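Report on the following structure.
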Protein chains: 2
Amino acid sequence: MTIESQLRDRVAASVDQGFAAQIAFTQDMIRFASVRGAEHAVQDFVFRALRERNYAMDRFEMDRGAIERHPGGAVFSEDHSAAPIVVGIHRPRNETGRSLILQAHVDVVPPGPAGMWSHPPFDPVIEGDWLYGRGGADMKAGHAANIFAIDALRRIGLQPAATVYVQSVVEEESTGNGALMTHLRGYKADAALIPEPEDEMLVRANVGVLWFEVEVRGLPVHVREMGAGANAIDAAYRIMGELRRLEAEWNERKAGRAHFETEAHPINLNIGKIEGGDWASSVPAWCKLSCRIAIYPGVSAKEASREIADRIAAFARSDNFLANNPPSVEFNGFFAEGYVLEPGSDAEAVLARAHQDATGQPLKSFMTAGYLDARVYALYDKIPTLCYGPYSQNIHGFDERVSIASLKRITTAMALFVAEWCGTEPSET
Amino acid sequence: MTIESQLRDRVAASVDQGFAAQIAFTQDMIRFASVRGAEHAVQDFVFRALRERNYAMDRFEMDRGAIERHPGGAVFSEDHSAAPIVVGIHRPRNETGRSLILQAHVDVVPPGPAGMWSHPPFDPVIEGDWLYGRGGADMKAGHAANIFAIDALRRIGLQPAATVYVQSVVEEESTGNGALMTHLRGYKADAALIPEPEDEMLVRANVGVLWFEVEVRGLPVHVREMGAGANAIDAAYRIMGELRRLEAEWNERKAGRAHFETEAHPINLNIGKIEGGDWASSVPAWCKLSCRIAIYPGVSAKEASREIADRIAAFARSDNFLANNPPSVEFNGFFAEGYVLEPGSDAEAVLARAHQDATGQPLKSFMTAGYLDARVYALYDKIPTLCYGPYSQNIHGFDERVSIASLKRITTAMALFVAEWCGTEPSET
């Protein structure tokens with residue numbers, strides 16, 4: 001038996017030994033209904049968990065001015081979270097290895113109507129291999145894995161021989177400002193790993209994401225005279241049609257783009273929320289659309305946002321009602337560009353070995369069409385950023401769930417990755 | 001000078017004498033932001049105003065069971081008003097004339113975004129001939145006119161020689177249950193007059209109105225997988241398309257219907273409110289439409305509601321997404337049938353004379369395409385019901401306003417109508 005295979009077996013056994021506690025910890029995290037703005041309590045829970053493990057602790061607020069001045073920062077809407085960012089810092093006795101950021105977010109998307117869940121959304125029920133719960137897969141399972149992967153090394157007398165930052169952020173589901181704030185605070189390392197639920201694959205390329213709100217306002221009248229009045233709901237639907245045409249054009253622009261041109265539909269526009277009108281019997285005077293669209297890596301958020309605003313303005317000029325009632329367009333969340341993890345980095349090679357050792361399978365990579373905080377580390381720290389995590393189903397949907405067996409495999413892979421990337425030294429405890 | 005023309009001049013002078021107080025009273029009423037459910041305070045104001053004038057007072061709650069059992073009653077949603085109904089009763093010394101119901105409602109439709117008003121919506125500003133304010137035209141001006149028309153007679157030593165019920169109701173803008181409750185309470189008279197803002201014309205025919213809510217629910221997914229998921233907002237839009245086709249068919253059915261076949265578009269469907277989805281980045285799992293549609297007089301609310309529900313169900317079966325996620329349809333407000341005021345009644349003849357005397361113009365009649373409480377008195381009391389009131393602009397819209405000169409004319413006409421319809425006797429005070 002080689003030294004490497006001995007380490008592999010010891011790490012796997014250690015992860016197994018700690019796994020019941022890891023699942024219980026993940027369940028504790030899921031019980032916090034940490035939707036946007038309500039992440040205070042779970043961040044305090046994470047803070048205590050890291051402090052108990054003797055990490056040096058840093059806890060800080062968002063710097064609104066610095067974020068809004070940054071080209072990848074999103075404007076602060078009134079819904080923006082005021083919860084703190086938490087960083088636990090491991091410093092080795094001898095800094096001999098390569099430093100690492102292990103990042104995860106605690107904010108979760110809204111559960112939607114509770115009646116559509118098999119179990120209450122924040123009740124972390126286990127059925128067979130599945131752990132249910134809003135935010136369990138995305139990404140409290142990965143968050144706990146960050147902590148328990150290091151714990152698994154400690155349990156066998158080892159600790160990373162390089163600085164490791166365990167970052168717990170908010171705003172990942174709406175602006176990405178939490179991750180950006182860790183960058184603005186000055187944190188940087190030789191690589192970053194974010195265990196998002198990626199079905200045991202590595203994210204090779206990732207779209208950017210923009211959020212925007214379109215609001216139509218127009219003169220309402222008594223419904224008995226509705227021919228004479230404006231109807232903001234119908235006008236909003238006409239704008240939706242134009243946005244769908246824009247989406248189709250952006251999808252056509254996949255031609256020639258590595259990682260994208262073989263995808264059927266790499267650019268998704270989501271009209272995620274609509275609100276309009278006050279009353280069944282009044283012709284609606286207003287309607288708001290909350291939208292999310294993707295952009296290719298290399299496309300600037302600023303240019304893309306200008307194209308959207310110009311497109312809506314031009315459409316409005318061609319529309320009888322909208323010409324007199326120009327809609328407003330506001331970029332009120334994600335203003336994030338995409339990234340590509342260029343093949344060939346040492347970090348990827350180390351993860352590929354760790355993955356092979358933990359799962360017996362080669363590491364696959366893929367393009368993913370949703371926002372990832374990885375863009376901050378990839379674009380602004382310019383370091384290899386590995387987005388890699390467990391199998392899941394229905395993230396952002398009802399009955400969101402994460403595979404428990406997969407979670408154990410990726411925790412093992414993560415611990416092996418840390419051991420090789422950072423190197424190890426005897427642990428202090 | 002004839003006795004009639006002497007009376008006419010004395011009444012007109014008396015209305016003029018009381019008119020400053022009438023406008024001030026109307027302004028006081030407008031200051032109450034009496035949207036649905038918030039009519040308690042203004043009903044107490046009306047109660048005190050009638051009691052001070054020595055009306056016998058009756059104040060009562062809605063009888064939910066009796067209303068919901070009545071074929072013209074609307075179901076009670078959670079938004080239903082709990083404000084009382086107020087009736088002031090004038091009884092003459094000698095009941096020699098014909099009795100009369102003078103009715104008005106105090107509920108107003110929501111003001112919508114305040115920024116779209118020139119003045120705050122509940123600030124009763126006067127500019128030139130216009131009195132502004134939400135609910136001023138519809139119908140606090142008419143409400144005050146009911147009271148001040150009788151006051152004008154008293155000021156010249158006269159009072160009606162028949163019973164007059166001054167009814168102040170709620171729920172006219174959403175269910176019509178307030179008017180229905182006065183019927184269920186047992187009130188009845190030889191005619192009814194409701195001074196809604198009808199541009200100094202008499203309503204000859206009036207549609208019925210149904211309210212319904214359509215809700216779509218479906219499986220949401222992460223936007224990165226949106227092709228696989230359902231989109232409740234888009235599905236709701238497809239249902240809107242089907243409802244527009246139904247509306248077009250119902251308009252075609254105007255053929256052969258007196259009072260309707262010459263109207264360009266007698267049946268209006270209004271999609272007045274839409275709400276769907278929780279989050280820009282989640283594929284929307286639900287969407288609700290609040291709708292209002294008209295029906296011709298003679299069409300039963302029950303049959304029409306069944307046609308709507310069947311139509312939506314059939315459409316859903318033909319739609320890939322909706323077939324698996326059948327939308328719900330709930331009739332949650334108006335369940336009201338239309339009426340026709342058959343020409344030739346004495347009441348109409350008396351009003352025509354009063355109108356000619358007050359305005360110098362012949363009384364015109366017309367079809368109106370919005371709900372009127374008049375249907376309760378016309379359909380269930382089976383009495384001549386005169387819907388007739390002042391010029392207005394933008395009722396249910398921004399900058400709703402009523403013509404002050406018109407209000408004085410119709411108050412005079414109303415006082416003359418009461419004097420002839422009920423006859424007069426010397427007043428008691």
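In the structure tokens, the first chain shown is A, the next is B, and so on; residue numbers restart at 1 for each chain, and ligands run from 1 in the order shown.
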
Open item on the list: What parts of segment 165-328 of chain A does DSSP call strand (DSSP E or B)? I'd like the answer as a VMD selection string.
Closed with: chain A and resid 165 to 169 191 to 194 202 to 206 208 to 217 222 269 to 276 282 286 to 295 328

With a distance threshold of 8 Å and counting only C-alpha atoms, extract the residues of chain A near chain B and express them as a short mmCIF file (atom, residue, chain, number, x, y, z; two decimals) with all heavy atoms, in the first residue's frame.
```
data_model
loop_
_atom_site.label_atom_id
_atom_site.label_comp_id
_atom_site.auth_asym_id
_atom_site.auth_seq_id
_atom_site.Cartn_x
_atom_site.Cartn_y
_atom_site.Cartn_z
N VAL A 109 -33.12 30.62 -1.58
CA VAL A 109 -34.21 31.26 -2.33
C VAL A 109 -35.54 31.01 -1.61
O VAL A 109 -35.65 30.08 -0.81
CB VAL A 109 -34.26 30.78 -3.80
CG1 VAL A 109 -32.95 31.09 -4.50
CG2 VAL A 109 -34.61 29.32 -3.90
N PRO A 110 -36.55 31.84 -1.88
CA PRO A 110 -37.83 31.67 -1.18
C PRO A 110 -38.41 30.28 -1.44
O PRO A 110 -38.23 29.71 -2.52
CB PRO A 110 -38.72 32.74 -1.81
CG PRO A 110 -37.79 33.75 -2.39
CD PRO A 110 -36.58 32.97 -2.82
N GLY A 112 -41.46 29.41 -1.80
CA GLY A 112 -42.70 29.34 -2.58
C GLY A 112 -43.83 28.78 -1.73
O GLY A 112 -43.67 28.58 -0.52
N GLU A 173 -27.72 34.55 -3.87
CA GLU A 173 -28.90 34.27 -4.70
C GLU A 173 -29.49 35.52 -5.34
O GLU A 173 -30.48 35.44 -6.05
CB GLU A 173 -29.97 33.55 -3.86
CG GLU A 173 -29.53 32.22 -3.28
CD GLU A 173 -29.37 31.10 -4.32
OE1 GLU A 173 -29.53 31.38 -5.52
OE2 GLU A 173 -29.07 29.96 -3.92
N SER A 174 -28.89 36.68 -5.07
CA SER A 174 -29.53 37.90 -5.56
C SER A 174 -28.57 38.94 -6.14
O SER A 174 -28.92 39.64 -7.09
CB SER A 174 -30.35 38.55 -4.43
OG SER A 174 -29.64 38.50 -3.22
N TRP A 211 -29.89 40.96 -13.17
CA TRP A 211 -31.27 41.10 -12.72
C TRP A 211 -31.76 42.48 -13.18
O TRP A 211 -31.02 43.46 -13.06
CB TRP A 211 -31.37 41.07 -11.20
CG TRP A 211 -31.61 39.74 -10.59
CD1 TRP A 211 -31.41 38.53 -11.17
CD2 TRP A 211 -32.09 39.49 -9.25
NE1 TRP A 211 -31.72 37.54 -10.27
CE2 TRP A 211 -32.14 38.09 -9.10
CE3 TRP A 211 -32.47 40.30 -8.18
CZ2 TRP A 211 -32.56 37.49 -7.91
CZ3 TRP A 211 -32.87 39.70 -7.00
CH2 TRP A 211 -32.93 38.31 -6.87
N LEU A 219 -52.34 55.29 -17.60
CA LEU A 219 -53.56 55.87 -17.08
C LEU A 219 -54.65 54.82 -16.91
O LEU A 219 -55.10 54.24 -17.88
CB LEU A 219 -54.03 56.91 -18.10
CG LEU A 219 -54.93 57.99 -17.59
CD1 LEU A 219 -54.21 58.88 -16.61
CD2 LEU A 219 -55.45 58.80 -18.76
N PRO A 220 -55.16 54.58 -15.71
CA PRO A 220 -56.27 53.66 -15.57
C PRO A 220 -57.59 54.40 -15.71
O PRO A 220 -57.66 55.61 -15.51
CB PRO A 220 -56.13 53.17 -14.14
CG PRO A 220 -55.62 54.35 -13.42
CD PRO A 220 -54.76 55.12 -14.41
N VAL A 221 -58.61 53.67 -16.07
CA VAL A 221 -59.94 54.24 -16.22
C VAL A 221 -60.94 53.25 -15.65
O VAL A 221 -60.60 52.12 -15.33
CB VAL A 221 -60.27 54.51 -17.69
CG1 VAL A 221 -59.38 55.59 -18.27
CG2 VAL A 221 -60.15 53.23 -18.51
N HIS A 222 -62.19 53.69 -15.52
CA HIS A 222 -63.25 52.76 -15.15
C HIS A 222 -63.36 51.72 -16.24
O HIS A 222 -63.22 52.03 -17.42
CB HIS A 222 -64.57 53.50 -14.99
CG HIS A 222 -65.64 52.65 -14.34
ND1 HIS A 222 -66.25 51.60 -14.98
CD2 HIS A 222 -66.17 52.69 -13.10
CE1 HIS A 222 -67.14 51.05 -14.16
NE2 HIS A 222 -67.09 51.69 -13.00
N VAL A 223 -63.61 50.52 -15.82
CA VAL A 223 -63.64 49.42 -16.77
C VAL A 223 -64.75 49.61 -17.79
O VAL A 223 -64.68 49.09 -18.90
CB VAL A 223 -63.74 48.09 -15.98
CG1 VAL A 223 -65.10 47.94 -15.34
CG2 VAL A 223 -63.39 46.91 -16.84
N ARG A 224 -65.76 50.41 -17.46
CA ARG A 224 -66.83 50.64 -18.44
C ARG A 224 -66.32 51.41 -19.66
O ARG A 224 -66.95 51.41 -20.70
CB ARG A 224 -68.01 51.37 -17.80
CG ARG A 224 -67.77 52.83 -17.53
CD ARG A 224 -68.94 53.52 -16.80
NE ARG A 224 -68.66 54.94 -16.67
CZ ARG A 224 -69.40 55.80 -15.98
NH1 ARG A 224 -70.49 55.37 -15.37
NH2 ARG A 224 -69.07 57.07 -15.91
N MET A 226 -63.05 50.99 -20.85
CA MET A 226 -61.69 50.49 -20.96
C MET A 226 -61.06 50.64 -22.32
O MET A 226 -59.85 50.73 -22.44
CB MET A 226 -61.52 49.09 -20.40
CG MET A 226 -62.25 47.98 -21.01
SD MET A 226 -61.91 46.44 -20.11
CE MET A 226 -60.42 45.90 -20.92
N ILE A 233 -50.98 45.65 -17.65
CA ILE A 233 -50.66 44.21 -17.65
C ILE A 233 -50.46 43.73 -19.08
O ILE A 233 -49.49 43.02 -19.39
CB ILE A 233 -51.74 43.40 -16.91
CG1 ILE A 233 -51.76 43.76 -15.42
CG2 ILE A 233 -51.53 41.91 -17.11
CD1 ILE A 233 -52.87 43.09 -14.60
N TYR A 237 -46.97 42.35 -20.96
CA TYR A 237 -46.84 41.12 -21.72
C TYR A 237 -46.22 41.37 -23.09
O TYR A 237 -45.45 40.55 -23.60
CB TYR A 237 -48.18 40.40 -21.86
CG TYR A 237 -48.37 39.38 -20.75
CD1 TYR A 237 -49.30 39.57 -19.75
CD2 TYR A 237 -47.56 38.25 -20.71
CE1 TYR A 237 -49.44 38.64 -18.74
CE2 TYR A 237 -47.69 37.32 -19.70
CZ TYR A 237 -48.63 37.52 -18.70
OH TYR A 237 -48.77 36.62 -17.70
N ASN A 268 -30.64 31.76 -20.64
CA ASN A 268 -32.02 31.73 -20.19
C ASN A 268 -32.46 33.08 -19.66
O ASN A 268 -31.76 33.68 -18.84
CB ASN A 268 -32.21 30.68 -19.09
CG ASN A 268 -32.18 29.26 -19.64
OD1 ASN A 268 -32.70 29.00 -20.71
ND2 ASN A 268 -31.53 28.37 -18.91
N ASN A 270 -35.42 34.57 -17.46
CA ASN A 270 -36.51 34.16 -16.58
C ASN A 270 -37.29 35.39 -16.15
O ASN A 270 -36.72 36.34 -15.63
CB ASN A 270 -35.96 33.45 -15.34
CG ASN A 270 -37.06 32.83 -14.50
OD1 ASN A 270 -37.88 32.07 -15.01
ND2 ASN A 270 -37.11 33.17 -13.21
N ILE A 271 -38.59 35.36 -16.45
CA ILE A 271 -39.49 36.38 -15.90
C ILE A 271 -39.99 35.75 -14.61
O ILE A 271 -40.91 34.94 -14.62
CB ILE A 271 -40.67 36.68 -16.84
CG1 ILE A 271 -40.22 36.80 -18.29
CG2 ILE A 271 -41.49 37.86 -16.34
CD1 ILE A 271 -39.81 38.13 -18.76
N GLY A 272 -39.34 36.07 -13.52
CA GLY A 272 -39.56 35.30 -12.29
C GLY A 272 -40.69 35.79 -11.45
O GLY A 272 -41.23 35.04 -10.63
N LYS A 273 -41.07 37.04 -11.64
CA LYS A 273 -42.09 37.61 -10.77
C LYS A 273 -42.85 38.67 -11.54
O LYS A 273 -42.24 39.44 -12.30
CB LYS A 273 -41.41 38.22 -9.55
CG LYS A 273 -42.35 38.67 -8.46
CD LYS A 273 -41.56 39.12 -7.24
CE LYS A 273 -42.48 39.70 -6.19
NZ LYS A 273 -41.73 40.17 -5.02
N ILE A 274 -44.12 38.71 -11.34
CA ILE A 274 -44.94 39.75 -11.96
C ILE A 274 -45.92 40.26 -10.92
O ILE A 274 -46.43 39.49 -10.10
CB ILE A 274 -45.67 39.21 -13.22
CG1 ILE A 274 -46.37 40.33 -14.00
CG2 ILE A 274 -46.67 38.12 -12.87
CD1 ILE A 274 -46.85 39.90 -15.39
N GLU A 275 -46.12 41.54 -10.92
CA GLU A 275 -47.12 42.16 -10.05
C GLU A 275 -47.71 43.32 -10.81
O GLU A 275 -46.97 44.13 -11.37
CB GLU A 275 -46.48 42.77 -8.80
CG GLU A 275 -46.00 41.83 -7.77
CD GLU A 275 -45.39 42.61 -6.60
OE1 GLU A 275 -44.29 43.17 -6.79
OE2 GLU A 275 -46.03 42.70 -5.55
N GLY A 276 -49.04 43.41 -10.81
CA GLY A 276 -49.65 44.55 -11.49
C GLY A 276 -51.09 44.74 -11.07
O GLY A 276 -51.80 43.77 -10.78
N GLY A 277 -51.51 45.99 -11.04
CA GLY A 277 -52.91 46.31 -10.77
C GLY A 277 -53.28 46.16 -9.31
O GLY A 277 -52.58 45.55 -8.51
N ASP A 278 -54.43 46.77 -8.98
CA ASP A 278 -54.87 46.84 -7.60
C ASP A 278 -56.19 46.14 -7.36
O ASP A 278 -56.55 45.87 -6.21
CB ASP A 278 -55.07 48.31 -7.20
CG ASP A 278 -53.80 49.11 -7.35
OD1 ASP A 278 -52.86 48.83 -6.61
OD2 ASP A 278 -53.74 49.99 -8.23
N TRP A 279 -56.94 45.79 -8.41
CA TRP A 279 -58.36 45.60 -8.20
C TRP A 279 -58.94 44.98 -9.47
O TRP A 279 -58.64 45.44 -10.57
CB TRP A 279 -58.93 47.02 -8.01
CG TRP A 279 -60.29 47.15 -7.52
CD1 TRP A 279 -61.38 47.57 -8.24
CD2 TRP A 279 -60.77 46.91 -6.20
NE1 TRP A 279 -62.48 47.61 -7.43
CE2 TRP A 279 -62.14 47.21 -6.18
CE3 TRP A 279 -60.15 46.46 -5.01
CZ2 TRP A 279 -62.92 47.07 -5.02
CZ3 TRP A 279 -60.92 46.33 -3.88
CH2 TRP A 279 -62.28 46.64 -3.88
N ALA A 280 -59.77 43.97 -9.31
CA ALA A 280 -60.34 43.31 -10.49
C ALA A 280 -61.10 44.28 -11.39
O ALA A 280 -61.10 44.14 -12.61
CB ALA A 280 -61.27 42.17 -10.07
N SER A 281 -61.73 45.29 -10.79
CA SER A 281 -62.60 46.17 -11.56
C SER A 281 -61.96 47.47 -12.01
O SER A 281 -62.65 48.33 -12.51
CB SER A 281 -63.87 46.48 -10.76
OG SER A 281 -64.76 45.40 -10.80
N SER A 282 -60.67 47.64 -11.80
CA SER A 282 -60.00 48.83 -12.33
C SER A 282 -59.04 48.37 -13.42
O SER A 282 -58.33 47.38 -13.26
CB SER A 282 -59.21 49.57 -11.25
OG SER A 282 -60.08 50.02 -10.23
N VAL A 283 -59.00 49.11 -14.51
CA VAL A 283 -58.05 48.80 -15.56
C VAL A 283 -56.65 49.01 -14.97
O VAL A 283 -56.38 50.06 -14.39
CB VAL A 283 -58.29 49.69 -16.79
CG1 VAL A 283 -57.25 49.41 -17.86
CG2 VAL A 283 -59.70 49.43 -17.34
N PRO A 284 -55.77 48.01 -15.06
CA PRO A 284 -54.51 48.11 -14.32
C PRO A 284 -53.63 49.26 -14.79
O PRO A 284 -53.38 49.42 -15.98
CB PRO A 284 -53.85 46.75 -14.54
CG PRO A 284 -54.52 46.17 -15.74
CD PRO A 284 -55.91 46.72 -15.76
N ALA A 285 -53.14 50.02 -13.83
CA ALA A 285 -52.36 51.23 -14.10
C ALA A 285 -50.87 50.97 -14.04
O ALA A 285 -50.09 51.82 -14.44
CB ALA A 285 -52.72 52.30 -13.08
N SER A 290 -40.04 41.22 -12.76
CA SER A 290 -38.70 40.97 -12.22
C SER A 290 -38.04 39.91 -13.08
O SER A 290 -38.54 38.79 -13.17
CB SER A 290 -38.78 40.50 -10.78
OG SER A 290 -39.37 41.48 -9.96
N CYS A 291 -36.93 40.27 -13.71
CA CYS A 291 -36.31 39.42 -14.73
C CYS A 291 -34.88 39.08 -14.36
O CYS A 291 -34.20 39.82 -13.65
CB CYS A 291 -36.29 40.14 -16.07
SG CYS A 291 -37.89 40.75 -16.59
N ARG A 292 -34.45 37.97 -14.93
CA ARG A 292 -33.08 37.51 -14.77
C ARG A 292 -32.64 36.98 -16.12
O ARG A 292 -33.36 36.22 -16.75
CB ARG A 292 -33.08 36.42 -13.70
CG ARG A 292 -31.80 35.63 -13.56
CD ARG A 292 -31.87 34.39 -14.39
NE ARG A 292 -30.72 33.54 -14.16
CZ ARG A 292 -30.13 32.83 -15.14
NH1 ARG A 292 -30.57 32.87 -16.37
NH2 ARG A 292 -29.10 32.06 -14.84
N THR A 368 -22.22 25.60 -16.71
CA THR A 368 -23.47 25.76 -15.98
C THR A 368 -24.05 27.15 -16.23
O THR A 368 -23.32 28.14 -16.36
CB THR A 368 -23.34 25.44 -14.48
OG1 THR A 368 -24.61 25.62 -13.85
CG2 THR A 368 -22.33 26.32 -13.80
N ALA A 369 -25.38 27.18 -16.31
CA ALA A 369 -26.10 28.37 -16.81
C ALA A 369 -26.70 29.21 -15.69
O ALA A 369 -27.57 30.03 -15.94
CB ALA A 369 -27.19 27.93 -17.79
N GLY A 370 -26.24 29.00 -14.46
CA GLY A 370 -26.73 29.82 -13.35
C GLY A 370 -25.60 30.60 -12.71
O GLY A 370 -24.43 30.25 -12.86
N ASN A 394 -33.89 19.44 -7.71
CA ASN A 394 -34.89 20.48 -7.43
C ASN A 394 -34.35 21.66 -6.65
O ASN A 394 -35.09 22.26 -5.86
CB ASN A 394 -36.09 19.90 -6.67
CG ASN A 394 -36.72 18.72 -7.39
OD1 ASN A 394 -36.51 18.54 -8.58
ND2 ASN A 394 -37.48 17.94 -6.66
N ILE A 395 -33.08 22.02 -6.86
CA ILE A 395 -32.65 23.24 -6.18
C ILE A 395 -33.46 24.40 -6.74
O ILE A 395 -33.80 24.42 -7.92
CB ILE A 395 -31.12 23.49 -6.32
CG1 ILE A 395 -30.71 23.67 -7.77
CG2 ILE A 395 -30.33 22.37 -5.68
CD1 ILE A 395 -29.31 24.21 -7.91
N HIS A 396 -33.85 25.30 -5.89
CA HIS A 396 -34.76 26.43 -6.17
C HIS A 396 -36.20 25.96 -6.39
O HIS A 396 -37.08 26.80 -6.58
CB HIS A 396 -34.33 27.27 -7.38
CG HIS A 396 -33.05 28.03 -7.17
ND1 HIS A 396 -32.76 29.20 -7.82
CD2 HIS A 396 -31.98 27.78 -6.38
CE1 HIS A 396 -31.56 29.63 -7.45
NE2 HIS A 396 -31.08 28.79 -6.58
N GLY A 397 -36.44 24.65 -6.38
CA GLY A 397 -37.79 24.14 -6.59
C GLY A 397 -38.38 23.59 -5.31
O GLY A 397 -37.85 23.80 -4.21
N PHE A 398 -39.51 22.91 -5.45
CA PHE A 398 -40.12 22.24 -4.30
C PHE A 398 -39.37 20.92 -4.08
O PHE A 398 -38.86 20.31 -5.00
CB PHE A 398 -41.60 21.98 -4.57
CG PHE A 398 -42.34 23.24 -4.90
CD1 PHE A 398 -43.00 23.39 -6.10
CD2 PHE A 398 -42.34 24.30 -4.00
CE1 PHE A 398 -43.66 24.58 -6.41
CE2 PHE A 398 -42.99 25.49 -4.30
CZ PHE A 398 -43.65 25.62 -5.51
#
```

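The residue that comes closest to Ala347 of chain B, out of B:Asn320, B:Gln103, B:Asn146, B:Thr385 and on the basis of only C-alpha atoms, is B:Thr385.
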
- [ ] Tell me which of B:Asp107, B:Glu95, B:Asp399, B:Glu171 sits closest to Pro124 of chain B, counting only C-alpha atoms.
- [x]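 Checking each candidate against Pro124 of chain B, we get B:Asp399 as the closest.
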
- [ ] Run DSSP on the backbone of this structure and report the residues of segment 135-370 of chain A it assigns to helix (DSSP H, G or I), as an NGL selection string.
- [x] :A and (136-155 or 177-184 or 223-228 or 232-252 or 301-317 or 320-324 or 346-359)

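Each of A:Phe321, A:Phe331, A:Trp130, A:Phe260 was compared to Asn206 of chain A using only C-alpha atoms, and A:Phe260 turns out to be the nearest.
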
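Within 10 Å of segment 39-41 of chain B there are Met29, Phe32, Ala33, Ser34, Val35, Phe45, Val46, Phe47, Ser81, Ala82, Ala83, Pro84, Ile85, His105, Val106, Asp107, Val108, Val169, Val170 and Glu171 of chain B, counting only C-alpha atoms and ignoring same-chain residues fewer than 4 positions away.
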
- [ ] Using only C-alpha atoms, determine which residues lie at most 8 Å from Thr424 of chain A, disregarding the query and same-chain residues fewer than 2 positions distant; provide the list as a ChimeraX atom specification.
- [x] /A:97,158-162,419-420,422,426

Would you pick out the contacts of Asp123 of chain A at 8 Å or less, using only C-alpha atoms, so that residues sharing its chain but fewer than 4 positions from it are not included, and give the list as a compact mmCIF listing (two decimals) with all heavy atoms, in the first residue's frame?
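Output contents, as saved in around-v6.txt:
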```
# COMPACT_ATOMS: atom_id res chain seq x y z
N ILE A 30 -30.24 23.83 7.88
CA ILE A 30 -31.46 23.90 7.06
C ILE A 30 -32.62 24.47 7.88
O ILE A 30 -33.49 25.16 7.34
CB ILE A 30 -31.82 22.50 6.49
CG1 ILE A 30 -30.75 22.05 5.48
CG2 ILE A 30 -33.20 22.50 5.85
CD1 ILE A 30 -30.89 20.60 5.02
N ARG A 31 -32.60 24.19 9.19
CA ARG A 31 -33.71 24.69 10.03
C ARG A 31 -33.78 26.21 10.08
O ARG A 31 -34.83 26.77 10.39
CB ARG A 31 -33.60 24.11 11.44
CG ARG A 31 -34.00 22.65 11.52
CD ARG A 31 -34.10 22.11 12.94
NE ARG A 31 -34.26 20.66 12.88
CZ ARG A 31 -33.26 19.77 13.00
NH1 ARG A 31 -32.02 20.20 13.24
NH2 ARG A 31 -33.51 18.49 12.88
N HIS A 119 -42.76 17.95 2.52
CA HIS A 119 -42.50 18.21 3.93
C HIS A 119 -42.38 19.73 4.07
O HIS A 119 -42.07 20.40 3.10
CB HIS A 119 -41.19 17.57 4.39
CG HIS A 119 -41.02 16.16 3.93
ND1 HIS A 119 -41.75 15.12 4.47
CD2 HIS A 119 -40.23 15.60 2.98
CE1 HIS A 119 -41.41 13.99 3.86
NE2 HIS A 119 -40.50 14.26 2.95
N TYR A 132 -33.89 16.38 2.53
CA TYR A 132 -34.76 17.41 1.97
C TYR A 132 -34.57 18.75 2.67
O TYR A 132 -34.13 18.81 3.82
CB TYR A 132 -36.24 17.00 2.12
CG TYR A 132 -36.65 15.92 1.17
CD1 TYR A 132 -36.39 14.58 1.46
CD2 TYR A 132 -37.30 16.22 -0.02
CE1 TYR A 132 -36.78 13.57 0.58
CE2 TYR A 132 -37.69 15.21 -0.91
CZ TYR A 132 -37.42 13.90 -0.60
OH TYR A 132 -37.79 12.91 -1.47
N GLY A 133 -35.01 19.79 2.01
CA GLY A 133 -35.09 21.10 2.65
C GLY A 133 -34.62 22.22 1.75
O GLY A 133 -33.65 22.06 0.99
```

- [ ] Find the residues near segment 56-71 of chain B: any atom within 7 Å, counting only C-alpha atoms, skip ones fewer than 6 places away on the same chain, and give them as a list of chain:residue names.
- [x] B:Pro84, B:Ile85, B:Val86, B:Val87, B:Gly88, B:Ile89, B:His90, B:Asn177, B:Met181

Open item on the list: If we count only C-alpha atoms and set the cut-off at 9 Å, which residues sit around Ala309 of chain A, ignoring sequence neighbours fewer than 5 positions away in its own chain? Please answer as a list in words.
Closed with: Ala304, Ala314, Ser328, Val329 and Glu330 of chain A

Task: Residue among B:Arg134, B:Leu363, B:Ser305, B:Val166 lying closest to Trp117 of chain B, counting only C-alpha atoms - done: B:Arg134
